[in-house]
Structure formats: C-alpha cells, structure tokens
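What follows is one structure encoded as structure tokens, with my remarks underneath.
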Amino acid sequence: MIVPVYILYLAILFGGTARVLLWIRFGVPLTEISVTVPMHSVFFEGFGKTGVFDADESHFNVVLLGASTAGQLAPGLKEELARIHGDRLRFYNLTYSAHTSRDSLLKFRMIAHKKLDLVLIYDGFNELRFNYTASFKADYTHVDRYHEISQRDMYGRVFITDFSKIWGRSCPSNDLRPDMLTYGNTIKTDVSLRNHLDEIAAACRGRLVLMTFAYHMPADYEQQRQRGIEMYSRGEFAMSPDHWGRPEDIPRFMDAHNAVIRELAHRHGLTLVDLQRDLPANRENFSDACHLSPAGVAAAVQIISPVLK
C-alpha cells in the first residue's frame, strides 16, 4: 500500500502546487485548471501594469518600445516630455530587458487601437544572436519564446500543462553554442527587423520616431582586451559582447540593421534620430557594446529631445 499511497500523495502535491501557481500568477480560481487570459499576462510580464490599456483621448500618450538600453533612456525622455507637455503627458515605458523588435511588434499589436500620439522605438541589438542558427525563421519562431507565442492567439487559454513551456519566458533564451557561431557568416535578422518595423509603421496612427542603434565595438577589441585596456565606462550594465555573438560580427550586423532603420524612415516619411551617427562611440558614453554610461544616457537624451515637441 505504501507505493500507491505515495504516488497519490505526489499527484496531489503536484496538482495543488500547479493550482496555487495559476492562482498567484493569473488569478485562476483554485477550482479551475484553466482560464482565458490575455497573452501579455503570460509572455509580457508587467505590461498590463503600465496602464497603457487605459490610454485615452484626453492625454498626450507617448509609448517607448525597446529593450534595456531603451529602458536606460526612459527616465530622461519622460522628464523632457513632461517639461514640454506638462500634465497632459502619459508616458508608457514598454521596454523590457533582452526583448527584440519582434517583442515590440507584438506589444504594439495589442495597443494599436489606442490613441498614441508619439511612439518611440529603439531596437535592433538583442536579435543579433538569432543569426547563429541553421534553422532561422524570419518571425523568430526558431527561438523557443516566439514559437510558444505563435502557438497561442493573442488571447488564449492557459492550462496547467502549459507551465513547462511558458514559465519564465518573459524574454528569449540565450543559448549561443560555439558550434553555432559559423552560421553568423551571413546576416539574416535585417529582413526580420524590416518586417517588424514596417508593420508598426503601417499601422501607427500617431507620430512614429525611429532611432538608429548606437554601439561601441572597437575593431581591435580582442587585442585591447588581451592588453587589459579599459574600453568602457562604468554603468548599469557591463556585458561581454560574446553575449550577442562574435565581437567581429557586431559592427557588420548593426550597420545592416541601422541601414534598414534609415531606409524605413525615409520610405515612410518618419522622423529619424540617427544615434549611431550623432552619439560618439567612445569609452565615455558606453559601459559595454550597446549599453550606455550615465554620460551616454544624458547625451542620447539631448540628441533625442528636439523630436519630442
């Protein structure tokens, strides 16, 4: 009797734990095993808490899309916008670390029907690592996070059995393996970036501002690293370029991405802030290949501020 009783005990323990998790994360009553929930509550942690779904006609609604570097700019941009627009301003910071232009598109789809007066997008760096694969797909569904999102509608059902697939999928995994790096000889993500931003540009009813992505990746990075030369300032982030791929690939990939951003801005007649051109790529402004030092944040905000009026 011990074995079946123990198995029953484990089943009750597992089932009870799963129900509690559903209740804590999604508010599912403990008597139910599934519930219809918005996709953002599963894959976009904190999205609903920004208040963007309450954006109304009476305010000047500004949305910022991007990842951690865009998030660094958010406080300064909000301060500048508040100075210009006063109490009418509603600033929605929809940035999230490690997100990509695919995430920005998915977020925008959920709010495209709202009155958005100004949309700022600073994207294009995190997806560099998606080039290192033999099974690339332009909608990034070769990456687990986006594959799981594609398996569900924007508003789908969450089951207990889903937790093994979706728990912890707030951002893409970073599983670069040495044997995959040779696939970076050809850039693929420029097409994806174009598709994602193109859809946003076509659907945006307010003013859309695109920004080229500033980066600092010395051509002789490896030699400087071996000689112990300090190439970056202190800042909120200090990540190795290996997090995104081979250091020598980053300038080539990012120049291609920035060319796409410039081309889309020209084709759609959008406002372009060329941060790659106007923000000096030096030790003072960067704390790693893409993240900014405090001085870099201040300089970038000043470059962007004229288009906020």
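Residue numbering restarts at 1 in every chain; chains get A, B, ... in the order shown in the structure tokens, and ligands count up from 1 in that same order.
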* To do: Just the residues within 9 Å of Leu64 (chain A), please, counting only C-alpha atoms, with nothing from its chain fewer than 5 positions along; format it as a count of residues only.
  => 13
* To do: Within region 102-241 of chain A, find each residue whose DSSP state, derived from the backbone, is alpha helix (DSSP H), and express the selection as JSON, numbers by chain.
  => {"A": [102, 103, 104, 105, 106, 107, 108, 109, 110, 111, 144, 145, 146, 147, 148, 149, 150, 163, 164, 165, 166, 189, 190, 191, 192, 193, 194, 195, 196, 197, 198, 199, 200, 201, 202, 203, 221, 222, 223, 224, 225, 226]}
* With only C-alpha atoms as the atoms that count, which of A:Arg19, A:His216, A:Lys115, A:Arg194 lies nearest to Pro280 (chain A)? ->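 For Pro280 (chain A), the nearest of the candidates is A:His216.
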* Which residue, A:Ile7, A:Arg88, A:Tyr215, A:Ala300, has the smallest gap to Ser58 (chain A) when you use only C-alpha atoms? ->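 Using only C-alpha atoms, Ser58 (chain A) sits closest to A:Arg88.
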* With a distance cut-off of 9 Å and only C-alpha atoms, select the neighbouring residues of Lys107 (chain A), excluding the residue or stretch itself and same-chain residues fewer than 5 positions from it, and output the selection as a VMD selection string. => chain A and resid 40 44 47 65 94 102 112
* as a list of chain:residue names, please: all residues of region 97-280 of chain A that backbone DSSP puts in strand (DSSP E). =>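 Checking each residue of region 97-280 of chain A, the strand (DSSP E) ones are A:Leu118, A:Val119, A:Leu120, A:Ile121, A:Tyr122, A:Tyr155, A:Gly156, A:Arg157, A:Val158, A:Phe159, A:Arg207, A:Leu208, A:Val209, A:Leu210, A:Met211, A:Thr271, A:Leu272, A:Val273.
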Write out as a tab-separated table a residue-level contact list of region 170-230 of chain A versus region 269-275 of chain A with cut-off 9 Å: for each qualifying residue the closest pair of atoms and the distance in Å to one decimal, counting only C-alpha atoms, rows sorted by chain and residue number upward.
residue	atom	partner	partner_atom	distance
A:Ala201	CA	A:Leu270	CA	8.3
A:Arg207	CA	A:Leu270	CA	7.7
A:Leu208	CA	A:Leu270	CA	6.3
A:Val209	CA	A:Thr271	CA	4.9
A:Leu210	CA	A:Leu272	CA	5.1
A:Met211	CA	A:Val273	CA	4.7
A:Thr212	CA	A:Asp274	CA	5.1
A:Phe213	CA	A:Leu275	CA	6.1
A:Ala214	CA	A:Leu275	CA	5.4
How would the residues just picked look written out with N, CA, C and O atoms as an mmCIF file, in the first residue's frame?
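So the final result, stored in part10.cif, reads:
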data_model
loop_
_atom_site.group_PDB
_atom_site.id
_atom_site.type_symbol
_atom_site.label_atom_id
_atom_site.label_comp_id
_atom_site.auth_asym_id
_atom_site.auth_seq_id
_atom_site.Cartn_x
_atom_site.Cartn_y
_atom_site.Cartn_z
ATOM 1 N N ALA A 201 5.055 50.732 -38.623
ATOM 2 C CA ALA A 201 4.941 51.995 -39.358
ATOM 3 C C ALA A 201 3.629 52.087 -40.122
ATOM 4 O O ALA A 201 2.999 53.148 -40.183
ATOM 5 N N ARG A 207 2.475 59.802 -34.355
ATOM 6 C CA ARG A 207 3.791 60.084 -34.922
ATOM 7 C C ARG A 207 4.765 59.020 -34.449
ATOM 8 O O ARG A 207 4.886 58.749 -33.252
ATOM 9 N N LEU A 208 5.468 58.410 -35.385
ATOM 10 C CA LEU A 208 6.420 57.343 -35.089
ATOM 11 C C LEU A 208 7.835 57.855 -35.287
ATOM 12 O O LEU A 208 8.161 58.423 -36.333
ATOM 13 N N VAL A 209 8.667 57.651 -34.280
ATOM 14 C CA VAL A 209 10.069 58.057 -34.344
ATOM 15 C C VAL A 209 10.935 56.805 -34.298
ATOM 16 O O VAL A 209 10.859 56.009 -33.353
ATOM 17 N N LEU A 210 11.742 56.616 -35.339
ATOM 18 C CA LEU A 210 12.707 55.519 -35.361
ATOM 19 C C LEU A 210 14.083 56.062 -34.982
ATOM 20 O O LEU A 210 14.415 57.205 -35.307
ATOM 21 N N MET A 211 14.868 55.224 -34.322
ATOM 22 C CA MET A 211 16.214 55.620 -33.922
ATOM 23 C C MET A 211 17.207 54.552 -34.345
ATOM 24 O O MET A 211 16.976 53.360 -34.101
ATOM 25 N N THR A 212 18.268 54.974 -35.024
ATOM 26 C CA THR A 212 19.338 54.016 -35.273
ATOM 27 C C THR A 212 19.973 53.655 -33.937
ATOM 28 O O THR A 212 19.898 54.410 -32.976
ATOM 29 N N PHE A 213 20.590 52.488 -33.891
ATOM 30 C CA PHE A 213 21.104 51.977 -32.626
ATOM 31 C C PHE A 213 22.592 52.278 -32.501
ATOM 32 O O PHE A 213 23.402 51.816 -33.300
ATOM 33 N N ALA A 214 22.930 53.053 -31.475
ATOM 34 C CA ALA A 214 24.328 53.393 -31.233
ATOM 35 C C ALA A 214 25.039 52.222 -30.559
ATOM 36 O O ALA A 214 24.471 51.561 -29.686
#
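Comparing the minimum interatomic distances between Asn61 (chain A) and each of A:Leu116, A:Leu106, A:Leu197, A:Leu8, counting only C-alpha atoms, we find that A:Leu116 sits nearest.
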* To do: Find the residues near Ala219 (chain A): any atom within 12 Å, counting only C-alpha atoms, skip ones fewer than 4 places away on the same chain, and give them as a list in words.
  => Gln223, Gln224, Arg225, Met231, Pro247, Glu248, Asp249, Ile250, Pro251, Arg252, Ala281 and Ala289 of chain A
Go ahead and write the residues just picked, N, CA, C and O atoms, as a PDB file, in the first residue's frame.
ATOM      1  N   GLN A 223      42.404  42.434 -29.209  1.00  0.00           N
ATOM      2  CA  GLN A 223      43.762  42.834 -28.855  1.00  0.00           C
ATOM      3  C   GLN A 223      43.764  43.757 -27.639  1.00  0.00           C
ATOM      4  O   GLN A 223      44.604  43.622 -26.725  1.00  0.00           O
ATOM      5  N   GLN A 224      42.804  44.699 -27.603  1.00  0.00           N
ATOM      6  CA  GLN A 224      42.724  45.608 -26.460  1.00  0.00           C
ATOM      7  C   GLN A 224      42.362  44.849 -25.189  1.00  0.00           C
ATOM      8  O   GLN A 224      42.883  45.140 -24.104  1.00  0.00           O
ATOM      9  N   ARG A 225      41.460  43.872 -25.328  1.00  0.00           N
ATOM     10  CA  ARG A 225      41.059  43.089 -24.160  1.00  0.00           C
ATOM     11  C   ARG A 225      42.251  42.324 -23.593  1.00  0.00           C
ATOM     12  O   ARG A 225      42.470  42.293 -22.379  1.00  0.00           O
ATOM     13  N   MET A 231      38.046  49.690 -22.215  1.00  0.00           N
ATOM     14  CA  MET A 231      37.357  50.215 -23.392  1.00  0.00           C
ATOM     15  C   MET A 231      36.003  50.837 -23.063  1.00  0.00           C
ATOM     16  O   MET A 231      35.400  51.499 -23.901  1.00  0.00           O
ATOM     17  N   PRO A 247      32.419  39.069 -31.444  1.00  0.00           N
ATOM     18  CA  PRO A 247      32.659  40.512 -31.438  1.00  0.00           C
ATOM     19  C   PRO A 247      32.887  41.089 -32.830  1.00  0.00           C
ATOM     20  O   PRO A 247      32.422  42.194 -33.132  1.00  0.00           O
ATOM     21  N   GLU A 248      33.574  40.346 -33.684  1.00  0.00           N
ATOM     22  CA  GLU A 248      33.860  40.868 -35.026  1.00  0.00           C
ATOM     23  C   GLU A 248      32.619  40.967 -35.903  1.00  0.00           C
ATOM     24  O   GLU A 248      32.621  41.673 -36.927  1.00  0.00           O
ATOM     25  N   ASP A 249      31.545  40.259 -35.537  1.00  0.00           N
ATOM     26  CA  ASP A 249      30.308  40.310 -36.324  1.00  0.00           C
ATOM     27  C   ASP A 249      29.436  41.507 -35.977  1.00  0.00           C
ATOM     28  O   ASP A 249      28.612  41.940 -36.793  1.00  0.00           O
ATOM     29  N   ILE A 250      29.583  42.026 -34.757  1.00  0.00           N
ATOM     30  CA  ILE A 250      28.650  43.044 -34.269  1.00  0.00           C
ATOM     31  C   ILE A 250      28.604  44.287 -35.149  1.00  0.00           C
ATOM     32  O   ILE A 250      27.519  44.739 -35.527  1.00  0.00           O
ATOM     33  N   PRO A 251      29.744  44.904 -35.530  1.00  0.00           N
ATOM     34  CA  PRO A 251      29.652  46.094 -36.388  1.00  0.00           C
ATOM     35  C   PRO A 251      28.958  45.814 -37.724  1.00  0.00           C
ATOM     36  O   PRO A 251      28.147  46.621 -38.190  1.00  0.00           O
ATOM     37  N   ARG A 252      29.272  44.680 -38.324  1.00  0.00           N
ATOM     38  CA  ARG A 252      28.655  44.344 -39.619  1.00  0.00           C
ATOM     39  C   ARG A 252      27.146  44.163 -39.478  1.00  0.00           C
ATOM     40  O   ARG A 252      26.363  44.667 -40.297  1.00  0.00           O
ATOM     41  N   ALA A 281      30.923  57.118 -30.402  1.00  0.00           N
ATOM     42  CA  ALA A 281      31.201  55.759 -29.936  1.00  0.00           C
ATOM     43  C   ALA A 281      32.547  55.762 -29.239  1.00  0.00           C
ATOM     44  O   ALA A 281      33.590  55.511 -29.858  1.00  0.00           O
ATOM     45  N   ALA A 289      29.120  47.024 -25.197  1.00  0.00           N
ATOM     46  CA  ALA A 289      28.949  47.241 -26.640  1.00  0.00           C
ATOM     47  C   ALA A 289      27.707  48.050 -26.985  1.00  0.00           C
ATOM     48  O   ALA A 289      27.686  48.786 -27.979  1.00  0.00           O
TER      49      ALA A 289
END
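Closest approach to Ala98 (chain A) among A:Val42, A:Cys290, A:Leu81, A:Leu10 is made by A:Cys290 (distances from only C-alpha atoms).
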